[in-house]
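entry_0.csv (CSV, C-alpha atoms and all ligand atoms)
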```
chain,number,residue,atom,x,y,z
G,1,MET,CA,-3.9,27.4,10.1
G,2,THR,CA,-1.8,25.5,7.6
G,3,ALA,CA,-3.3,22.3,5.9
G,4,PRO,CA,-1.8,19.1,7.2
G,5,VAL,CA,1.0,17.6,5.0
G,6,ILE,CA,-0.1,14.6,3.0
G,7,VAL,CA,2.6,12.7,1.2
G,8,ALA,CA,1.6,10.1,-1.4
G,9,ILE,CA,4.0,7.2,-2.0
G,10,ASP,CA,2.8,4.9,-4.8
G,11,GLY,CA,4.6,2.2,-6.7
G,12,PRO,CA,4.8,-1.6,-7.3
G,13,SER,CA,5.5,-4.2,-4.6
G,14,GLY,CA,8.9,-4.5,-3.1
G,15,ALA,CA,10.0,-1.0,-4.1
G,16,GLY,CA,10.7,-0.2,-0.4
G,17,LYS,CA,7.6,1.9,0.1
G,18,SER,CA,6.9,0.7,3.6
G,19,THR,CA,10.3,1.4,5.0
G,20,VAL,CA,10.7,4.7,3.2
G,21,ALA,CA,7.2,5.9,4.2
G,22,ARG,CA,7.7,4.9,7.8
G,23,THR,CA,11.0,6.6,8.0
G,24,LEU,CA,9.7,9.7,6.3
G,25,ALA,CA,6.6,9.9,8.6
G,26,ASN,CA,8.8,9.8,11.6
G,27,ARG,CA,11.0,12.6,10.3
G,28,LEU,CA,8.0,14.8,9.4
G,29,GLY,CA,6.1,14.0,12.6
G,30,VAL,CA,3.0,12.7,10.9
G,31,PRO,CA,1.3,9.3,10.9
G,32,TYR,CA,2.4,6.5,8.7
G,33,ILE,CA,-0.5,4.9,6.8
G,34,ASP,CA,-0.1,1.7,4.9
G,35,THR,CA,-3.2,1.4,2.7
G,36,GLY,CA,-2.1,-2.0,1.3
G,37,ALA,CA,-2.7,-3.4,4.8
G,38,MET,CA,-6.3,-2.4,4.6
G,39,TYR,CA,-6.8,-4.3,1.3
G,40,ARG,CA,-4.9,-7.2,2.9
G,41,ALA,CA,-7.3,-7.1,5.9
G,42,ILE,CA,-10.3,-7.5,3.5
G,43,GLY,CA,-8.4,-10.3,1.6
G,44,LEU,CA,-7.8,-12.1,4.8
G,45,ALA,CA,-11.5,-11.9,5.8
G,46,ALA,CA,-12.5,-13.2,2.3
G,47,ARG,CA,-10.2,-16.2,2.7
G,48,GLU,CA,-11.6,-16.9,6.2
G,49,GLN,CA,-15.1,-16.8,4.7
G,50,GLY,CA,-14.0,-19.6,2.3
G,51,ILE,CA,-14.0,-17.4,-0.8
G,52,GLU,CA,-11.7,-18.9,-3.4
G,53,LEU,CA,-9.4,-17.3,-6.0
G,54,PRO,CA,-10.1,-16.2,-8.7
G,55,ILE,CA,-13.0,-14.3,-7.1
G,56,GLU,CA,-16.2,-15.1,-9.0
G,57,ASP,CA,-18.8,-13.4,-6.7
G,58,ALA,CA,-17.5,-9.8,-6.4
G,59,ALA,CA,-20.8,-8.7,-4.9
G,60,ARG,CA,-20.3,-11.1,-2.0
G,61,VAL,CA,-16.9,-9.5,-1.3
G,62,GLU,CA,-18.4,-6.0,-1.5
G,63,ARG,CA,-21.0,-7.0,1.1
G,64,LEU,CA,-18.3,-8.5,3.3
G,65,ALA,CA,-16.2,-5.3,3.0
G,66,GLU,CA,-19.2,-3.2,4.0
G,67,SER,CA,-19.9,-5.4,7.0
G,68,LEU,CA,-16.4,-5.5,8.5
G,69,SER,CA,-15.0,-3.0,10.9
G,70,ILE,CA,-11.4,-2.3,9.8
G,71,GLY,CA,-9.4,-0.5,12.6
G,72,ILE,CA,-6.2,1.2,12.1
G,73,GLU,CA,-3.8,2.2,14.9
G,74,THR,CA,-1.2,4.7,13.6
G,75,GLY,CA,2.1,5.3,15.4
G,76,PRO,CA,5.7,4.4,14.7
G,77,GLU,CA,4.3,1.0,13.5
G,78,MET,CA,0.8,0.6,12.1
G,79,ARG,CA,-1.5,-2.0,13.5
G,80,VAL,CA,-4.6,-3.4,11.7
G,81,PHE,CA,-7.7,-4.8,13.3
G,82,VAL,CA,-10.6,-6.7,11.7
G,83,ASN,CA,-13.7,-6.6,13.9
G,84,GLY,CA,-11.4,-5.8,16.9
G,85,ARG,CA,-9.0,-8.7,16.2
G,86,ASP,CA,-5.3,-7.7,15.6
G,87,VAL,CA,-4.4,-9.1,12.1
G,88,THR,CA,-1.1,-7.2,11.7
G,89,ALA,CA,1.0,-10.4,11.3
G,90,ALA,CA,-1.6,-12.6,9.6
G,91,ILE,CA,-2.0,-10.2,6.6
G,92,ARG,CA,1.7,-10.6,5.7
G,93,GLU,CA,1.3,-14.2,4.5
G,94,PRO,CA,2.0,-14.7,0.8
G,95,GLU,CA,-1.4,-16.1,0.2
G,96,ILE,CA,-2.9,-12.9,1.5
G,97,SER,CA,-0.9,-10.9,-1.0
G,98,ARG,CA,-2.8,-12.8,-3.7
G,99,TYR,CA,-6.1,-12.2,-2.0
G,100,ALA,CA,-5.4,-8.5,-1.4
G,101,SER,CA,-4.6,-8.0,-5.1
G,102,ALA,CA,-7.9,-9.8,-6.0
G,103,VAL,CA,-10.1,-7.8,-3.7
G,104,SER,CA,-8.5,-4.5,-4.6
G,105,ALA,CA,-9.8,-4.8,-8.1
G,106,ILE,CA,-13.4,-4.7,-6.8
G,107,PRO,CA,-15.0,-1.2,-7.1
G,108,GLY,CA,-17.1,-1.5,-3.9
G,109,VAL,CA,-14.1,-2.5,-1.8
G,110,ARG,CA,-12.1,0.5,-3.1
G,111,ARG,CA,-14.9,2.9,-2.5
G,112,ARG,CA,-15.1,1.8,1.1
G,113,LEU,CA,-11.4,1.9,1.8
G,114,VAL,CA,-10.7,5.2,-0.1
G,115,ALA,CA,-13.3,6.9,2.0
G,116,GLU,CA,-11.6,5.7,5.2
G,117,GLN,CA,-8.2,6.6,3.9
G,118,ARG,CA,-9.3,10.2,3.3
G,119,ARG,CA,-10.8,10.4,6.8
G,120,LEU,CA,-7.6,8.9,8.4
G,121,ALA,CA,-5.3,11.6,6.9
G,122,ALA,CA,-7.6,14.6,6.7
G,123,GLU,CA,-7.1,15.7,10.2
G,124,SER,CA,-3.4,15.1,11.0
G,125,GLY,CA,-1.9,14.5,7.6
G,126,GLY,CA,0.3,11.6,7.0
G,127,VAL,CA,2.6,9.7,4.7
G,128,MET,CA,0.4,7.3,2.9
G,129,GLU,CA,1.7,4.5,0.8
G,130,GLY,CA,-0.3,2.5,-1.8
G,131,ARG,CA,-1.1,2.3,-5.5
G,132,ASP,CA,-3.7,5.1,-6.0
G,133,ILE,CA,-2.9,7.6,-3.3
G,134,GLY,CA,-1.8,10.4,-5.7
G,135,THR,CA,-4.4,9.5,-8.4
G,136,LYS,CA,-7.5,8.8,-6.3
G,137,VAL,CA,-7.2,9.2,-2.6
G,138,PHE,CA,-5.4,12.6,-2.4
G,139,PRO,CA,-5.0,13.7,-6.0
G,140,GLU,CA,-4.7,17.4,-4.8
G,141,THR,CA,-1.6,16.9,-2.7
G,142,PRO,CA,1.5,18.5,-4.3
G,143,HIS,CA,3.7,15.8,-2.6
G,144,LYS,CA,3.5,12.7,-4.9
G,145,PHE,CA,6.3,10.2,-5.3
G,146,PHE,CA,6.3,7.1,-7.5
G,147,LEU,CA,8.8,4.7,-5.9
G,148,THR,CA,10.1,1.9,-8.1
G,149,ALA,CA,13.1,-0.4,-8.7
G,150,PRO,CA,14.0,-3.1,-11.2
G,151,LEU,CA,11.8,-6.3,-10.8
G,152,ALA,CA,14.8,-8.5,-9.9
G,153,VAL,CA,15.8,-6.1,-7.1
G,154,ARG,CA,12.3,-5.9,-5.8
G,155,ALA,CA,11.8,-9.6,-5.8
G,156,ALA,CA,15.1,-10.2,-4.1
G,157,ARG,CA,14.1,-7.8,-1.3
G,158,ARG,CA,10.8,-9.4,-0.9
G,159,ALA,CA,12.4,-12.9,-0.7
G,160,ALA,CA,14.8,-11.6,2.0
G,161,GLU,CA,11.9,-10.1,3.9
G,162,LEU,CA,9.9,-13.4,3.8
G,163,GLU,CA,12.9,-15.2,5.0
G,164,SER,CA,13.5,-12.9,7.9
G,165,ARG,CA,9.8,-13.3,8.9
G,166,GLY,CA,10.4,-17.0,9.1
G,167,THR,CA,8.3,-17.8,6.0
G,168,PRO,CA,10.9,-18.4,3.3
G,169,GLN,CA,9.8,-18.9,-0.3
G,170,ASP,CA,11.6,-20.0,-3.4
G,171,PRO,CA,13.0,-16.8,-4.8
G,172,SER,CA,12.0,-17.6,-8.4
G,173,ARG,CA,8.5,-18.1,-7.3
G,174,VAL,CA,8.5,-14.8,-5.4
G,175,LEU,CA,9.6,-13.1,-8.6
G,176,THR,CA,6.9,-14.8,-10.8
G,177,GLU,CA,4.2,-14.0,-8.3
G,178,MET,CA,5.3,-10.4,-7.9
G,179,GLU,CA,5.4,-9.9,-11.7
G,180,LYS,CA,1.8,-11.2,-12.0
G,181,ARG,CA,0.5,-9.1,-9.1
G,182,ASP,CA,2.1,-6.0,-10.5
G,183,PHE,CA,0.7,-6.7,-13.9
G,184,ASP,CA,-2.8,-7.2,-12.4
G,185,ASP,CA,-2.5,-4.0,-10.2
G,186,ALA,CA,-1.4,-1.9,-13.2
G,187,ASN,CA,-3.9,-3.3,-15.7
G,188,ARG,CA,-7.2,-3.5,-13.7
G,189,ALA,CA,-10.1,-1.3,-14.7
G,190,GLU,CA,-10.5,0.4,-11.3
G,191,SER,CA,-7.8,2.8,-10.1
G,192,PRO,CA,-4.8,1.0,-11.7
G,193,LEU,CA,-1.3,1.7,-10.6
G,194,THR,CA,-0.2,4.6,-12.8
G,195,CYS,CA,2.5,7.2,-12.8
G,196,ASP,CA,1.7,10.5,-14.4
G,197,GLU,CA,3.5,13.9,-14.7
G,198,THR,CA,2.3,15.0,-11.3
G,199,TYR,CA,4.6,12.5,-9.6
G,200,VAL,CA,8.3,12.6,-8.9
G,201,LEU,CA,9.8,9.3,-10.0
G,202,VAL,CA,12.2,7.8,-7.5
G,203,ASP,CA,14.3,4.8,-8.2
G,204,SER,CA,15.3,2.9,-5.1
G,205,GLY,CA,17.2,0.2,-7.0
G,206,ASP,CA,20.7,1.4,-6.0
G,207,ARG,CA,20.0,3.1,-2.7
G,208,ASP,CA,18.8,2.1,0.7
G,209,ALA,CA,15.6,3.2,2.3
G,210,SER,CA,17.1,5.9,4.5
G,211,ALA,CA,18.8,7.6,1.5
G,212,VAL,CA,15.5,7.5,-0.4
G,213,ALA,CA,13.6,8.9,2.6
G,214,ALA,CA,16.1,11.7,2.9
G,215,GLU,CA,15.7,12.7,-0.7
G,216,ILE,CA,11.9,12.7,-0.4
G,217,GLU,CA,12.0,14.6,2.8
G,218,ARG,CA,14.1,17.3,1.2
G,219,ARG,CA,11.7,17.6,-1.7
G,220,VAL,CA,8.7,17.8,0.6
G,221,ARG,CA,10.2,20.5,2.7
G,222,GLU,CA,11.3,22.5,-0.3
G,223,ARG,CA,7.8,22.4,-1.8
G,224,ALA,CA,6.1,23.1,1.5
G,225,SER,CA,8.1,26.3,2.1
G,226,PRO,CA,9.6,27.4,-1.3
G,227,GLY,CA,12.6,29.6,-0.8
G,228,GLY,CA,12.6,29.2,3.0
B,301,LIG,O1,1.3,-2.8,-0.8
B,301,LIG,P1,0.8,-4.2,-0.6
B,301,LIG,O2,1.6,-5.2,-1.3
B,301,LIG,O3,0.6,-4.5,0.9
B,301,LIG,O4,-0.7,-4.2,-1.2
B,301,LIG,C1,-1.5,-5.3,-1.3
B,301,LIG,C2,-2.4,-5.3,-2.5
B,301,LIG,O5,-3.4,-4.2,-2.4
B,301,LIG,C3,-1.7,-5.0,-3.8
B,301,LIG,O6,-1.6,-6.1,-4.7
B,301,LIG,C4,-2.4,-3.8,-4.5
B,301,LIG,C5,-3.5,-3.5,-3.5
B,301,LIG,N1,-3.5,-2.1,-3.2
B,301,LIG,C6,-4.3,-1.2,-4.0
B,301,LIG,O7,-4.9,-1.7,-4.9
B,301,LIG,N2,-4.4,0.1,-3.6
B,301,LIG,C7,-3.7,0.6,-2.6
B,301,LIG,N3,-3.8,1.9,-2.3
B,301,LIG,C8,-2.8,-0.3,-1.8
B,301,LIG,C9,-2.8,-1.6,-2.2
```
Produce structure tokens that represent the structure in this file.
Ligand code: DC
Amino acid sequence: MTAPVIVAIDGPSGAGKSTVARTLANRLGVPYIDTGAMYRAIGLAAREQGIELPIEDAARVERLAESLSIGIETGPEMRVFVNGRDVTAAIREPEISRYASAVSAIPGVRRRLVAEQRRLAAESGGVMEGRDIGTKVFPETPHKFFLTAPLAVRAARRAAELESRGTPQDPSRVLTEMEKRDFDDANRAESPLTCDETYVLVDSGDRDASAVAAEIERRVRERASPGG
């Protein structure tokens, strides 16, 4: 039996990870797993508990994370549930982006979610997107891609996405918040966003998601069956 294919797609926000990872998962016939959605689910729960930013009581958030049931339904789209409630739409609010980044810096939160992420992809494989998939969750996979694009491009994409969801935001604010979040995610003590020599660096700045997904698919297939 061959081991299931696990593709790690890491990178900063707005690089197009979700669309690329979803397209690639469909082409490879494996589940698409958005790990950011899991941090967002815990961020949403923290906000609903009345926890404020910046988080002062990390132990309280760790206890909260332990007590929640986080459900993931994989398929062409991924759905997220907190204690059985579908939060797929609610976790996309800009305020939850800030909460997700804050809770993701807490070691106990990461421990819990990393364990679940390993379990989710161990059986059937998957295309998993996040910040630490190739460094912490599946460091042994040979298929690691670091997807990025210039900040201005990423911010413009995020602003367009927010507008299409019916929650438009001032584009310059989107850019400032994205820059802060990326800085925090790349500079935290616990599993910071990093790109090392085990990754293939892919710039999505001048190409659309389907072209990027096609390039990654080609590389994955080449590596999975060299010469064949
Ligand atoms: O990809 P996203 O914007 O939905 O992620 C939300 C936050 O969660 C982001 O600020 C960083 C964090 N995150 C993380 O620390 N590790 C992951 N594997 C995925 C997301």
Mind running chain G against ligand LIG 301 (chain B) at 6 Å and telling me each contacting residue's nearest atom pair with the distance in Å (one decimal), counting only C-alpha atoms and all ligand atoms, chain and number ascending, as a Markdown table?
```
| residue | atom | partner | partner_atom | distance |
| --- | --- | --- | --- | --- |
| G:Ser13 | CA | B:LIG301 | O2 | 5.2 |
| G:Thr35 | CA | B:LIG301 | C8 | 4.8 |
| G:Gly36 | CA | B:LIG301 | C9 | 3.6 |
| G:Ala37 | CA | B:LIG301 | O3 | 5.2 |
| G:Tyr39 | CA | B:LIG301 | O5 | 5.0 |
| G:Arg40 | CA | B:LIG301 | C1 | 5.7 |
| G:Ser97 | CA | B:LIG301 | C1 | 5.6 |
| G:Ala100 | CA | B:LIG301 | C2 | 4.5 |
| G:Ser101 | CA | B:LIG301 | O6 | 3.6 |
| G:Ser104 | CA | B:LIG301 | O7 | 4.6 |
| G:Gly130 | CA | B:LIG301 | N3 | 3.6 |
| G:Arg131 | CA | B:LIG301 | N3 | 4.2 |
| G:Asp132 | CA | B:LIG301 | N3 | 4.9 |
| G:Ile133 | CA | B:LIG301 | N3 | 5.9 |
| G:Arg181 | CA | B:LIG301 | O6 | 5.7 |
| G:Asp185 | CA | B:LIG301 | C4 | 5.7 |
```
Quick one: distance from CA of Glu77 (chain G) to CA of Leu28 (chain G) in Å, one decimal? 14.9 Å
Would you mind listing what lies within 10 Å of region 189-200 of chain G as a ChimeraX atom specification, with all atoms listed in the file counted and same-chain residues fewer than 5 positions away left out? /G:8-12,104-107,110,130-137,139-147,182-184,216,219
Length of the CA of Glu161 (chain G) to CA of Met38 (chain G) vector [Å]: 19.8 Å
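Across the model, the gap from CA of Tyr32 (chain G) to CA of Thr74 (chain G) is 6.3 Å.
By only C-alpha atoms, and with residues fewer than 3 positions from Arg60 (chain G) along its chain excluded, the set lying at most 12 Å from it is Ile42, Ala45, Ala46, Gln49, Gly50, Ile51, Glu52, Ile55, Glu56, Asp57, Arg63, Leu64, Ala65, Glu66, Ser67, Val103, Ile106, Gly108 and Val109 of chain G.
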Store the residues picked out above, limited to C-alpha atoms, as a PDB file, in the frame of the given file.
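Done, and the output landed in result.pdb:
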```pdb
ATOM      1  CA  ILE G  42     -10.300  -7.500   3.500  1.00  0.00           C
ATOM      2  CA  ALA G  45     -11.500 -11.900   5.800  1.00  0.00           C
ATOM      3  CA  ALA G  46     -12.500 -13.200   2.300  1.00  0.00           C
ATOM      4  CA  GLN G  49     -15.100 -16.800   4.700  1.00  0.00           C
ATOM      5  CA  GLY G  50     -14.000 -19.600   2.300  1.00  0.00           C
ATOM      6  CA  ILE G  51     -14.000 -17.400  -0.800  1.00  0.00           C
ATOM      7  CA  GLU G  52     -11.700 -18.900  -3.400  1.00  0.00           C
ATOM      8  CA  ILE G  55     -13.000 -14.300  -7.100  1.00  0.00           C
ATOM      9  CA  GLU G  56     -16.200 -15.100  -9.000  1.00  0.00           C
ATOM     10  CA  ASP G  57     -18.800 -13.400  -6.700  1.00  0.00           C
ATOM     11  CA  ARG G  63     -21.000  -7.000   1.100  1.00  0.00           C
ATOM     12  CA  LEU G  64     -18.300  -8.500   3.300  1.00  0.00           C
ATOM     13  CA  ALA G  65     -16.200  -5.300   3.000  1.00  0.00           C
ATOM     14  CA  GLU G  66     -19.200  -3.200   4.000  1.00  0.00           C
ATOM     15  CA  SER G  67     -19.900  -5.400   7.000  1.00  0.00           C
ATOM     16  CA  VAL G 103     -10.100  -7.800  -3.700  1.00  0.00           C
ATOM     17  CA  ILE G 106     -13.400  -4.700  -6.800  1.00  0.00           C
ATOM     18  CA  GLY G 108     -17.100  -1.500  -3.900  1.00  0.00           C
ATOM     19  CA  VAL G 109     -14.100  -2.500  -1.800  1.00  0.00           C
TER      20      VAL G 109
END
```
Step by step: start from the point (14.7, 5.2, -8.5) in the file's coordinates, keep every protein, DNA or RNA residue that has an atom no farther than 7 Å from it, count all atoms listed in the file, and write the set as a PyMOL selection string. chain G and resi 147-149+201-205
Gly126 (chain G): which residues within 8 Å, counting only C-alpha atoms, same-chain residues fewer than 6 positions away excluded, as a PyMOL selection string? chain G and resi 4-7+25+30-33
Nearby residues (only C-alpha atoms) at most 12 Å from Arg85 (chain G), same-chain spacing under 6 positions excluded, as a PyMOL selection string: chain G and resi 41+44-45+68-72+79+91
Which of these residues is nearest to Val174 (chain G), using all atoms listed in the file: G:Arg98, G:Arg218, G:Arg118, G:Arg188?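 Selected residue with least distance to Val174 (chain G): G:Arg98.
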From G:Gly84, G:Pro150, G:Pro94, G:Pro76, residue lying nearest Pro168 (chain G) [only C-alpha atoms]: G:Pro94
Taking into account only C-alpha atoms, which residue in the set G:Asp34, G:Ala152, G:Gly43, G:Glu217 is nearest to Lys17 (chain G)?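 The closest residue to Lys17 (chain G) is G:Asp34.
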